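File shown: entry05.txt. Contents: compact mmCIF, C-alpha atoms.
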# COMPACT_ATOMS: atom_id res chain seq x y z
CA MET A 44 -8.98 -11.09 9.08
CA TYR A 45 -12.14 -8.95 8.97
CA THR A 46 -13.12 -7.36 12.30
CA ASN A 47 -15.03 -4.37 13.69
CA ALA A 48 -17.32 -4.05 10.68
CA GLN A 49 -19.76 -1.15 10.58
CA TYR A 50 -21.79 0.40 7.79
CA ILE A 51 -21.09 3.96 6.71
CA ALA A 52 -24.13 5.93 5.56
CA GLN A 53 -24.44 9.03 3.41
CA GLY A 54 -27.80 10.77 3.35
CA GLY A 55 -29.28 7.89 5.26
CA VAL A 56 -28.14 5.32 2.71
CA ASN A 57 -25.42 2.75 3.40
CA VAL A 58 -22.49 3.38 1.05
CA ALA A 59 -19.62 1.33 2.47
CA ILE A 60 -18.43 -0.84 5.33
CA ARG A 61 -15.69 0.35 7.64
CA CYS A 62 -13.71 -2.55 9.07
CA ASN A 63 -10.26 -3.73 10.00
CA ILE A 64 -8.62 -5.97 7.44
CA ASN A 65 -5.55 -7.63 8.92
CA GLY A 66 -5.56 -4.81 11.46
CA VAL A 67 -5.72 -1.97 8.93
CA THR A 68 -8.67 0.43 8.91
CA SER A 69 -10.35 -0.09 5.56
CA PHE A 70 -13.45 1.06 3.72
CA VAL A 71 -15.13 -1.62 1.64
CA PRO A 72 -17.61 -0.61 -1.08
CA LEU A 73 -20.95 -2.39 -1.39
CA ASP A 74 -19.87 -3.87 -4.70
CA PRO A 75 -20.44 -7.62 -5.22
CA ALA A 76 -17.40 -7.66 -7.54
CA ASN A 77 -15.18 -6.40 -4.72
CA THR A 78 -13.38 -9.37 -3.17
CA ASP A 79 -13.45 -7.94 0.36
CA TYR A 80 -17.19 -7.27 0.15
CA ALA A 81 -17.80 -10.81 -1.09
CA ASN A 82 -15.67 -12.22 1.72
CA ILE A 83 -17.44 -10.10 4.34
CA MET A 84 -20.90 -11.12 3.16
CA ALA A 85 -19.84 -14.78 3.16
CA LEU A 86 -18.75 -14.40 6.79
CA VAL A 87 -22.04 -12.68 7.62
CA ASP A 88 -24.00 -15.48 5.94
CA ALA A 89 -21.98 -18.01 7.93
CA GLY A 90 -22.76 -16.18 11.16
CA GLU A 91 -19.09 -15.42 11.76
CA LEU A 92 -19.27 -11.62 11.40
CA THR A 93 -21.83 -8.97 12.24
CA ILE A 94 -21.93 -5.57 10.57
CA ALA A 95 -23.00 -2.83 12.97
CA PRO A 96 -25.47 -0.26 11.68
CA ALA A 97 -24.20 3.15 10.62
CA GLU A 98 -23.86 5.91 13.17
CA GLY A 99 -25.90 9.08 12.73
CA GLU A 100 -24.22 11.49 10.32
CA MET B 127 8.46 -8.71 -10.30
CA ARG B 128 9.56 -5.10 -10.84
CA ILE B 129 6.34 -3.56 -9.57
CA ASN B 130 6.23 -3.44 -5.79
CA GLN B 131 3.61 -0.84 -4.88
CA ARG B 132 3.18 -2.27 -1.38
CA GLY B 133 6.88 -1.75 -0.82
CA TYR B 134 7.88 -5.05 0.76
CA THR B 135 11.64 -5.26 1.29
CA SER B 136 14.07 -7.42 3.26
CA ALA B 137 13.87 -4.81 6.02
CA ALA B 138 10.06 -4.72 5.94
CA PRO B 139 8.82 -8.02 4.51
CA LEU B 140 5.35 -9.41 4.10
CA THR B 141 4.60 -11.82 6.97
CA THR B 142 0.81 -12.07 6.73
CA SER B 143 -0.75 -14.93 4.83
CA ASN B 144 -3.42 -14.44 2.15
CA SER B 145 -1.79 -11.17 1.16
CA TYR B 146 -0.26 -9.75 -1.98
CA CYS B 147 3.48 -9.16 -1.98
CA VAL B 148 4.96 -7.80 -5.20
CA ASP B 149 2.14 -6.73 -7.45
CA ARG B 150 -0.27 -9.43 -8.57
CA PHE B 151 1.46 -12.25 -6.67
CA SER B 152 -0.11 -13.37 -3.40
CA ILE B 153 1.24 -15.63 -0.64
CA SER B 154 -0.99 -18.07 1.20
CA THR B 155 0.38 -20.32 3.89
CA SER B 156 -1.35 -22.20 6.68
CA THR B 157 1.54 -24.23 8.07
CA ALA B 158 2.87 -22.90 11.36
CA GLY B 159 6.29 -21.35 11.64
CA GLY B 160 5.98 -18.00 9.93
CA PHE B 161 7.44 -16.71 6.70
CA SER B 162 8.89 -13.62 5.08
CA SER B 163 8.37 -12.52 1.51
CA TYR B 164 9.53 -9.48 -0.39
CA GLN B 165 10.85 -8.07 -3.65
CA SER B 166 14.41 -9.30 -4.04
CA THR B 167 17.22 -8.09 -6.25
CA VAL B 168 18.44 -11.64 -6.68
CA ALA B 169 17.54 -12.35 -10.29
CA PRO B 170 18.75 -14.20 -13.37
CA VAL B 171 20.55 -12.42 -16.19
CA GLY B 172 18.13 -10.06 -17.91
CA PHE B 173 15.98 -9.47 -14.85
CA THR B 174 16.37 -7.06 -11.96
CA ASN B 175 13.99 -8.50 -9.39
CA SER B 176 12.30 -11.61 -8.09
CA LEU B 177 9.71 -12.56 -5.52
CA PHE B 178 11.46 -14.08 -2.51
CA TYR B 179 9.92 -16.42 0.06
CA THR B 180 11.62 -17.89 3.10
CA LYS B 181 10.23 -20.08 5.87
CA THR B 182 11.08 -18.81 9.33
CA THR B 183 10.76 -22.15 11.13
CA GLY B 184 10.29 -25.34 9.18
CA ALA B 185 7.40 -27.60 10.13
CA THR B 186 5.88 -30.90 9.15
CA VAL B 187 3.11 -30.21 6.66
CA ALA B 188 -0.29 -31.66 7.54
CA ALA B 189 -2.47 -33.11 4.77
CA GLY B 190 -4.95 -30.24 4.88
CA GLU B 191 -2.48 -27.36 4.85
CA LEU B 192 -2.02 -24.99 1.93
CA ASN B 193 1.18 -23.17 1.10
CA PHE B 194 1.62 -21.44 -2.22
CA ILE B 195 2.38 -18.37 -4.28
CA TYR B 196 -0.40 -17.62 -6.71
CA GLN B 197 -1.71 -15.18 -9.25
CA PRO B 198 -5.36 -15.00 -10.22
CA ILE B 199 -5.83 -13.84 -13.80
CA GLU B 200 -8.93 -11.86 -14.67
CA GLY B 201 -11.38 -13.52 -17.04
CA TYR B 202 -11.28 -10.55 -19.41
CA ASN B 203 -7.66 -11.51 -20.05
CA THR B 204 -8.24 -15.25 -20.50
CA TYR B 205 -11.51 -15.39 -22.45
CA ASP B 206 -9.67 -16.06 -25.72
CA LEU B 207 -8.37 -19.39 -24.38
CA ALA B 208 -11.89 -20.78 -24.89
CA TRP B 209 -11.36 -23.09 -21.96
CA GLY B 210 -14.25 -25.33 -21.08
CA THR B 211 -15.12 -25.70 -24.78
CA ALA B 212 -14.10 -28.03 -27.59
CA ASN B 213 -11.88 -25.22 -28.91
CA ALA B 214 -9.80 -24.89 -25.75
CA LYS B 215 -6.33 -23.57 -26.57
CA THR B 216 -3.03 -24.96 -25.34
CA ILE B 217 -0.94 -22.69 -23.12
CA THR B 218 2.70 -22.60 -22.11
CA LEU B 219 3.70 -21.35 -18.68
CA SER B 220 7.33 -20.35 -18.28
CA PHE B 221 9.15 -18.99 -15.24
CA TRP B 222 12.50 -18.83 -13.48
CA VAL B 223 13.06 -20.39 -10.05
CA TYR B 224 15.97 -20.39 -7.61
CA ALA B 225 15.49 -22.71 -4.65
CA GLY B 226 17.66 -23.51 -1.68
CA ALA B 227 17.33 -27.25 -2.30
CA THR B 228 17.02 -29.61 -5.24
CA GLY B 229 13.97 -31.73 -5.84
CA THR B 230 10.69 -32.15 -7.62
CA PHE B 231 8.61 -29.02 -7.18
CA SER B 232 5.08 -28.47 -8.40
CA GLY B 233 2.31 -26.08 -9.20
CA SER B 234 -1.10 -26.00 -10.76
CA VAL B 235 -3.51 -24.15 -13.01
CA ARG B 236 -7.05 -24.09 -11.66
CA ASN B 237 -10.40 -22.40 -12.18
CA THR B 238 -12.37 -20.65 -9.44
CA THR B 239 -15.97 -21.63 -10.07
CA ALA B 240 -18.12 -23.95 -7.98
CA THR B 241 -16.80 -27.12 -9.62
CA LEU B 242 -13.03 -26.92 -9.50
CA TYR B 243 -10.76 -28.33 -12.19
CA ALA B 244 -7.00 -28.27 -11.87
CA TYR B 245 -3.96 -29.25 -13.88
CA PRO B 246 -1.15 -30.12 -11.43
CA PHE B 247 2.35 -30.05 -12.92
CA THR B 248 5.83 -30.86 -11.70
CA TYR B 249 9.24 -29.43 -12.51
CA THR B 250 12.72 -30.35 -11.43
CA VAL B 251 15.25 -28.18 -9.67
CA SER B 252 18.49 -30.08 -10.18
CA ALA B 253 20.89 -27.48 -8.79
CA ALA B 254 20.31 -25.61 -5.55
CA ASN B 255 20.77 -21.85 -5.42
CA THR B 256 20.93 -21.64 -9.20
CA TRP B 257 18.49 -19.96 -11.53
CA THR B 258 16.61 -22.47 -13.66
CA GLN B 259 14.08 -21.65 -16.35
CA ILE B 260 11.04 -23.91 -16.35
CA SER B 261 8.54 -24.36 -19.15
CA VAL B 262 5.26 -26.25 -18.82
CA THR B 263 2.87 -26.80 -21.72
CA ILE B 264 -0.74 -27.52 -20.84
CA ALA B 265 -3.45 -28.63 -23.25
CA GLY B 266 -6.53 -26.49 -22.64
CA PRO B 267 -9.37 -28.12 -20.70
CA THR B 268 -12.59 -28.90 -22.52
CA VAL B 269 -14.34 -29.28 -19.18
CA GLY B 270 -15.22 -26.90 -16.41
CA THR B 271 -16.46 -23.34 -16.24
CA TRP B 272 -13.83 -20.67 -16.79
CA ALA B 273 -14.91 -17.10 -16.09
CA THR B 274 -14.59 -14.62 -18.94
CA ASP B 275 -15.62 -11.48 -17.05
CA ASN B 276 -13.98 -9.36 -14.34
CA THR B 277 -13.80 -12.28 -11.93
CA ALA B 278 -10.91 -14.74 -11.82
CA GLY B 279 -10.63 -16.63 -15.11
CA LEU B 280 -7.91 -18.90 -13.81
CA ASN B 281 -5.36 -19.17 -11.01
CA ILE B 282 -1.70 -20.04 -11.36
CA PHE B 283 -0.23 -21.74 -8.29
CA PHE B 284 3.43 -22.23 -7.41
CA ASP B 285 3.35 -24.69 -4.54
CA LEU B 286 5.60 -24.06 -1.57
CA GLY B 287 4.81 -27.36 0.14
CA SER B 288 1.09 -27.99 0.53
CA GLY B 289 -0.40 -31.08 2.14
CA SER B 290 -1.50 -34.18 0.28
CA THR B 291 -5.16 -33.16 0.28
CA TYR B 292 -4.35 -30.38 -2.15
CA LYS B 293 -2.03 -32.31 -4.44
CA GLY B 294 -3.20 -34.26 -7.48
CA THR B 295 -1.73 -36.41 -10.20
CA ALA B 296 0.53 -34.36 -12.46
CA GLY B 297 0.00 -33.95 -16.17
CA ALA B 298 -3.76 -34.17 -16.55
CA TRP B 299 -6.89 -32.17 -15.86
CA VAL B 300 -8.66 -33.46 -12.80
CA ALA B 301 -11.71 -32.34 -10.85
CA GLY B 302 -10.65 -30.99 -7.47
CA ASN B 303 -8.92 -28.27 -5.53
CA TYR B 304 -5.27 -28.99 -6.29
CA VAL B 305 -2.46 -26.47 -6.04
CA GLY B 306 0.39 -28.89 -6.61
CA ALA B 307 1.27 -32.41 -7.66
CA THR B 308 1.33 -35.64 -5.68
CA GLY B 309 4.79 -36.60 -4.53
CA ALA B 310 6.33 -33.16 -4.93
CA THR B 311 8.56 -31.72 -2.27
CA THR B 312 7.27 -29.79 0.72
CA TYR B 313 10.34 -27.56 0.56
CA PRO B 314 10.66 -24.70 1.44
CA VAL B 315 7.83 -24.80 4.00
CA SER B 316 9.19 -27.88 5.76
CA THR B 317 12.69 -26.44 6.21
CA THR B 318 13.84 -23.75 8.60
CA GLY B 319 15.31 -21.03 6.43
CA GLY B 320 14.10 -22.73 3.26
CA THR B 321 14.23 -20.32 0.34
CA PHE B 322 12.41 -19.91 -2.96
CA TYR B 323 12.75 -17.16 -5.56
CA LEU B 324 10.44 -16.70 -8.55
CA THR B 325 10.57 -14.36 -11.53
CA GLY B 326 10.00 -14.10 -15.29
CA VAL B 327 6.54 -15.65 -15.12
CA GLN B 328 4.89 -15.72 -18.52
CA LEU B 329 1.70 -17.41 -19.71
CA GLU B 330 1.10 -17.58 -23.44
CA VAL B 331 -1.01 -19.37 -25.98
CA GLY B 332 0.74 -22.19 -27.84
CA THR B 333 3.32 -24.86 -27.16
CA VAL B 334 6.45 -22.73 -27.13
CA ALA B 335 7.87 -20.54 -24.37
CA THR B 336 8.94 -17.43 -26.23
CA PRO B 337 11.43 -14.94 -24.72
CA PHE B 338 10.03 -12.95 -21.80
CA GLU B 339 8.07 -9.98 -23.11
CA ARG B 340 9.75 -6.74 -22.08
CA ARG B 341 7.22 -4.04 -21.32
CA GLN B 342 8.01 -0.48 -20.34
CA TYR B 343 7.90 0.13 -16.59
CA GLY B 344 5.04 2.62 -16.88
CA GLN B 345 2.98 0.17 -18.89
CA GLU B 346 3.59 -2.62 -16.40
CA LEU B 347 2.71 -0.31 -13.51
CA MET B 348 -0.56 0.70 -15.17
CA LEU B 349 -1.50 -2.93 -15.72
CA CYS B 350 -0.93 -3.58 -12.02
CA GLN B 351 -2.90 -0.48 -11.02
CA ARG B 352 -6.03 -2.06 -12.40
CA TYR B 353 -5.88 -4.14 -9.18
CA TYR B 354 -4.03 -1.94 -6.69
CA GLN B 355 -3.02 1.70 -6.60
CA ILE B 356 -2.04 4.32 -4.06
CA ILE B 357 -3.98 7.58 -3.82
CA ILE B 358 -3.00 10.64 -1.80
CA MET B 359 -5.82 12.53 -0.03
CA ASN B 360 -5.95 16.17 1.02
CA ALA B 361 -8.82 18.12 2.62
CA GLN B 362 -9.34 21.35 4.56
CA SER B 363 -12.58 22.42 6.21
CA PRO B 364 -13.84 26.03 6.39
CA ALA B 365 -15.76 25.16 9.53
CA ALA B 366 -15.62 22.93 12.56
CA ASN B 367 -17.62 20.22 10.87
CA TYR B 368 -17.45 17.33 8.44
CA MET B 369 -15.87 18.18 5.10
CA SER B 370 -15.77 15.95 2.04
CA THR B 371 -13.53 16.34 -0.97
CA PRO B 372 -13.47 14.14 -4.06
CA PHE B 373 -10.53 11.91 -4.94
CA TYR B 374 -9.55 10.30 -8.21
CA GLY B 375 -7.19 7.49 -9.04
CA THR B 376 -5.01 7.04 -12.07
CA THR B 377 -6.15 3.83 -13.75
CA ALA B 378 -9.57 2.24 -14.12
CA MET B 379 -9.87 -0.70 -11.75
CA ARG B 380 -11.39 -4.17 -11.94
CA SER B 381 -14.06 -3.36 -9.35
CA ILE B 382 -14.83 -0.51 -6.99
CA PRO B 383 -11.80 -0.67 -4.69
CA THR B 384 -11.43 -1.21 -0.98
CA MET B 385 -9.70 1.83 0.49
CA ALA B 386 -7.16 1.06 3.23
CA GLN B 387 -5.05 3.53 5.13
CA ILE B 388 -1.31 3.44 4.58
CA SER B 389 -0.53 6.74 6.31
CA ALA B 390 -2.68 9.26 8.16
CA GLY B 391 -0.67 12.11 6.65
CA SER B 392 -0.35 15.40 8.50
CA PRO B 393 -3.57 16.26 10.32
CA SER B 394 -4.17 19.57 12.10
CA LEU B 395 -7.35 20.18 14.06
CA ALA B 396 -9.00 17.41 12.09
CA SER B 397 -9.24 13.66 11.76
CA ILE B 398 -10.17 11.31 8.96
CA ALA B 399 -13.82 10.23 9.09
CA SER B 400 -14.16 8.04 6.01
CA VAL B 401 -12.74 7.29 2.57
CA VAL B 402 -15.39 5.87 0.31
CA ALA B 403 -14.80 4.79 -3.27
CA ASN B 404 -17.91 4.71 -5.42
CA SER B 405 -16.69 3.96 -8.94
CA THR B 406 -14.10 1.87 -10.74
CA GLN B 407 -12.45 5.00 -12.24
CA PRO B 408 -11.61 4.98 -9.33
CA SER B 409 -13.17 7.95 -7.58
CA GLY B 410 -14.97 8.70 -4.38
CA TYR B 411 -14.82 11.09 -1.47
CA PHE B 412 -12.45 11.73 1.39
CA GLN B 413 -14.22 12.99 4.50
CA ILE B 414 -12.57 14.65 7.46
CA LEU B 415 -13.99 15.94 10.74
CA ALA B 416 -12.51 19.31 11.64
CA THR B 417 -12.58 20.46 15.25
CA ALA B 418 -11.89 24.10 14.28
CA VAL B 419 -12.00 26.42 11.29
CA ASN B 420 -9.40 25.49 8.66
CA GLY B 421 -8.73 22.13 10.19
CA TYR B 422 -7.03 19.94 7.62
CA VAL B 423 -5.53 16.57 6.74
CA LEU B 424 -2.76 16.68 4.17
CA GLY B 425 -0.99 13.82 2.48
CA ALA B 426 -3.05 10.96 3.84
CA SER B 427 -2.12 7.90 1.85
CA TYR B 428 -4.63 5.18 0.95
CA SER B 429 -4.46 2.07 -1.13
CA GLY B 430 -7.29 1.21 -3.46
CA SER B 431 -7.51 -2.53 -3.94
CA SER B 432 -9.68 -4.47 -6.36
CA GLU B 433 -7.55 -7.59 -6.25
CA LEU B 434 -9.14 -10.90 -7.13
What does the file become when written as structure tokens?
Amino acid sequence: MYTNAQYIAQGGVNVAIRCNINGVTSFVPLDPANTDYANIMALVDAGELTIAPAEGE
Amino acid sequence: MRINQRGYTSAAPLTTSNSYCVDRFSISTSTAGGFSSYQSTVAPVGFTNSLFYTKTTGATVAAGELNFIYQPIEGYNTYDLAWGTANAKTITLSFWVYAGATGTFSGSVRNTTATLYAYPFTYTVSAANTWTQISVTIAGPTVGTWATDNTAGLNIFFDLGSGSTYKGTAGAWVAGNYVGATGATTYPVSTTGGTFYLTGVQLEVGTVATPFERRQYGQELMLCQRYYQIIIMNAQSPAANYMSTPFYGTTAMRSIPTMAQISAGSPSLASIASVVANSTQPSGYFQILATAVNGYVLGASYSGSSEL
């Protein structure tokens, strides 16, 4: 469901995660109340997903 | 079921599990065989739409498989039920169903916290392909933790044929992850071409199912937009470089939303770099990368989702 996750940075600070959700390019905020963010972090904690670091701006 | 921002129709149905169909109603199904779901115009008198589900290829349901329609209700909207306390209020859930087969169907009301409590219920469809109004009265639970904030206060499940692991004894609160009742049918999931329509869902305090509350379309849409809304993005860059422009939504959302592309719009000498929401207003910025002066992206369409 969640694939190709990568942080997006602004001014050197991570502000969101770009990923595919069910094949759709999506931008997930770093908000614990956001369901997608919570799901992504659960997958990361379980070792089932890795979030790539942000590219240089 | 009038609000269908995602636009699922018979020609372009939802076929992906764990996804919302018509606004605020999600489909989850783990039994093989595929399904289609969309906003239907088949509806009882007084309604114009329903949520339609059909199983592509029927399959035997394994004990550990889940198949249901559900709606999570935000805790801010259920706090007054005082569930989990000695003052827990009784609720009445009413809805209309139209199924392709008769039988004993089921559903459940359940919390979402670490220790799950559920109230499985059954209802009878005694005539196939006929609209039937169902009413279920549930005494409020004095046990369990029921969120009263912007997380899910409770979930309403309409079972489509889950396995026995997820079905409990009907008519009582029980600890466990139950989305339906023991002994209930596995139709429509177990039947090729099995059909199930749902509409007129209403949850209210008390022991009586009152007539369905008629809200204006705009009001209903705004209530749905707290969880999902579509925002159109436009940007033009004065240089061959990154260019960010702010965007704003229409209705304050439950959480900062996930932004997902619906349409790339009409780009010229530019591409979309990122769409980052940073508040629940919602607002954020739309960033493009122009390859030449005056490169632009017009009419890119994004969904903002803060669904539970």
Using only C-alpha atoms, I'd like a table of the residues in chain A that come within 10 Å of chain B; for each, show the closest atom pair and its distance in Å rounded to one decimal, ordered by chain and ascending number, as a tab-separated table.
residue	atom	partner	partner_atom	distance
A:Met44	CA	B:Asn144	CA	9.5
A:Ile51	CA	B:Ser400	CA	8.1
A:Val58	CA	B:Val402	CA	7.6
A:Ala59	CA	B:Val402	CA	6.6
A:Ile60	CA	B:Val402	CA	8.9
A:Arg61	CA	B:Ser400	CA	8.0
A:Cys62	CA	B:Ala386	CA	9.5
A:Asn63	CA	B:Ala386	CA	8.9
A:Ile64	CA	B:Ala386	CA	8.3
A:Asn65	CA	B:Thr142	CA	8.1
A:Val67	CA	B:Ala386	CA	6.6
A:Thr68	CA	B:Ala386	CA	5.9
A:Ser69	CA	B:Ala386	CA	4.1
A:Phe70	CA	B:Met385	CA	5.0
A:Val71	CA	B:Thr384	CA	4.6
A:Pro72	CA	B:Thr384	CA	6.2
A:Leu73	CA	B:Ile382	CA	8.5
A:Asp74	CA	B:Ile382	CA	6.5
A:Pro75	CA	B:Ser381	CA	8.7
A:Ala76	CA	B:Ser381	CA	5.7
A:Asn77	CA	B:Ser381	CA	5.7
A:Thr78	CA	B:Leu434	CA	6.0
A:Asp79	CA	B:Thr384	CA	7.2
A:Tyr80	CA	B:Thr384	CA	8.4
A:Glu100	CA	B:Tyr368	CA	9.1
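Closest approach to B:Ala227 from the set B:Ser156, B:Thr182, B:Thr321, B:Ser392 is made by B:Thr321, with distances taken over all atoms listed in the file.
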Give me the box for stretch 335-352 of chain B as lines of an AutoDock Vina configuration file, namely the centre and edge lengths in Å to one decimal of a box along x, y and z that holds every listed atom plus 8 Å on each side.
center_x = 2.7
center_y = -9.0
center_z = -18.6
size_x = 33.5
size_y = 39.2
size_z = 31.2
Worksheet item: What's the 7 Å shell around stretch 198-202 of chain B, counting only C-alpha atoms, without same-chain residues fewer than 6 positions away, as number ranges by chain?
Response: B: 273-282, 434
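Take atom CA of B:Thr250 and atom CA of B:Ala301: the distance between them is 24.5 Å.
The interatomic distance for the pair atom CA of B:Gly294 and atom CA of B:Asn203 works out to 26.4 Å.
The coordinates place atom CA of B:Thr317 at 23.8 Å from atom CA of B:Asn175.
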Because some atoms of stretch 223-237 of chain B are absent here, can you restore N, CA, C and O atoms and send them as a PDB file, keeping the file's coordinate frame?
ATOM      1  N   VAL B 223      13.048 -20.120 -11.487  1.00  0.00           N
ATOM      2  CA  VAL B 223      13.060 -20.390 -10.050  1.00  0.00           C
ATOM      3  C   VAL B 223      14.505 -20.543  -9.568  1.00  0.00           C
ATOM      4  O   VAL B 223      15.410 -20.909 -10.340  1.00  0.00           O
ATOM      5  N   TYR B 224      14.667 -20.298  -8.285  1.00  0.00           N
ATOM      6  CA  TYR B 224      15.970 -20.390  -7.610  1.00  0.00           C
ATOM      7  C   TYR B 224      15.639 -20.864  -6.201  1.00  0.00           C
ATOM      8  O   TYR B 224      15.070 -20.111  -5.405  1.00  0.00           O
ATOM      9  N   ALA B 225      15.883 -22.127  -5.935  1.00  0.00           N
ATOM     10  CA  ALA B 225      15.490 -22.710  -4.650  1.00  0.00           C
ATOM     11  C   ALA B 225      16.716 -23.127  -3.855  1.00  0.00           C
ATOM     12  O   ALA B 225      17.763 -23.448  -4.433  1.00  0.00           O
ATOM     13  N   GLY B 226      16.549 -23.156  -2.549  1.00  0.00           N
ATOM     14  CA  GLY B 226      17.660 -23.510  -1.680  1.00  0.00           C
ATOM     15  C   GLY B 226      17.928 -24.999  -1.610  1.00  0.00           C
ATOM     16  O   GLY B 226      18.858 -25.429  -0.907  1.00  0.00           O
ATOM     17  N   ALA B 227      17.131 -25.799  -2.299  1.00  0.00           N
ATOM     18  CA  ALA B 227      17.330 -27.250  -2.300  1.00  0.00           C
ATOM     19  C   ALA B 227      16.877 -27.804  -3.645  1.00  0.00           C
ATOM     20  O   ALA B 227      16.028 -27.228  -4.314  1.00  0.00           O
ATOM     21  N   THR B 228      17.455 -28.934  -4.018  1.00  0.00           N
ATOM     22  CA  THR B 228      17.020 -29.610  -5.240  1.00  0.00           C
ATOM     23  C   THR B 228      15.757 -30.428  -4.955  1.00  0.00           C
ATOM     24  O   THR B 228      15.409 -30.651  -3.799  1.00  0.00           O
ATOM     25  N   GLY B 229      15.117 -30.866  -6.022  1.00  0.00           N
ATOM     26  CA  GLY B 229      13.970 -31.730  -5.840  1.00  0.00           C
ATOM     27  C   GLY B 229      12.922 -31.544  -6.907  1.00  0.00           C
ATOM     28  O   GLY B 229      13.107 -30.788  -7.863  1.00  0.00           O
ATOM     29  N   THR B 230      11.840 -32.273  -6.727  1.00  0.00           N
ATOM     30  CA  THR B 230      10.690 -32.150  -7.620  1.00  0.00           C
ATOM     31  C   THR B 230       9.698 -31.181  -6.999  1.00  0.00           C
ATOM     32  O   THR B 230       9.120 -31.460  -5.949  1.00  0.00           O
ATOM     33  N   PHE B 231       9.546 -30.047  -7.638  1.00  0.00           N
ATOM     34  CA  PHE B 231       8.610 -29.020  -7.180  1.00  0.00           C
ATOM     35  C   PHE B 231       7.340 -29.130  -8.023  1.00  0.00           C
ATOM     36  O   PHE B 231       7.291 -29.846  -9.016  1.00  0.00           O
ATOM     37  N   SER B 232       6.328 -28.368  -7.639  1.00  0.00           N
ATOM     38  CA  SER B 232       5.080 -28.470  -8.400  1.00  0.00           C
ATOM     39  C   SER B 232       4.278 -27.189  -8.351  1.00  0.00           C
ATOM     40  O   SER B 232       4.604 -26.240  -7.618  1.00  0.00           O
ATOM     41  N   GLY B 233       3.242 -27.190  -9.139  1.00  0.00           N
ATOM     42  CA  GLY B 233       2.310 -26.080  -9.200  1.00  0.00           C
ATOM     43  C   GLY B 233       1.022 -26.556  -9.837  1.00  0.00           C
ATOM     44  O   GLY B 233       0.819 -27.769 -10.008  1.00  0.00           O
ATOM     45  N   SER B 234       0.181 -25.617 -10.197  1.00  0.00           N
ATOM     46  CA  SER B 234      -1.100 -26.000 -10.760  1.00  0.00           C
ATOM     47  C   SER B 234      -1.741 -24.815 -11.460  1.00  0.00           C
ATOM     48  O   SER B 234      -1.457 -23.651 -11.136  1.00  0.00           O
ATOM     49  N   VAL B 235      -2.597 -25.127 -12.418  1.00  0.00           N
ATOM     50  CA  VAL B 235      -3.510 -24.150 -13.010  1.00  0.00           C
ATOM     51  C   VAL B 235      -4.906 -24.616 -12.657  1.00  0.00           C
ATOM     52  O   VAL B 235      -5.213 -25.810 -12.811  1.00  0.00           O
ATOM     53  N   ARG B 236      -5.737 -23.668 -12.172  1.00  0.00           N
ATOM     54  CA  ARG B 236      -7.050 -24.090 -11.660  1.00  0.00           C
ATOM     55  C   ARG B 236      -8.087 -23.001 -11.900  1.00  0.00           C
ATOM     56  O   ARG B 236      -7.744 -21.818 -11.934  1.00  0.00           O
ATOM     57  N   ASN B 237      -9.332 -23.397 -12.064  1.00  0.00           N
ATOM     58  CA  ASN B 237     -10.400 -22.400 -12.180  1.00  0.00           C
ATOM     59  C   ASN B 237     -10.873 -21.989 -10.783  1.00  0.00           C
ATOM     60  O   ASN B 237     -10.317 -22.455  -9.768  1.00  0.00           O
TER      61      ASN B 237
END
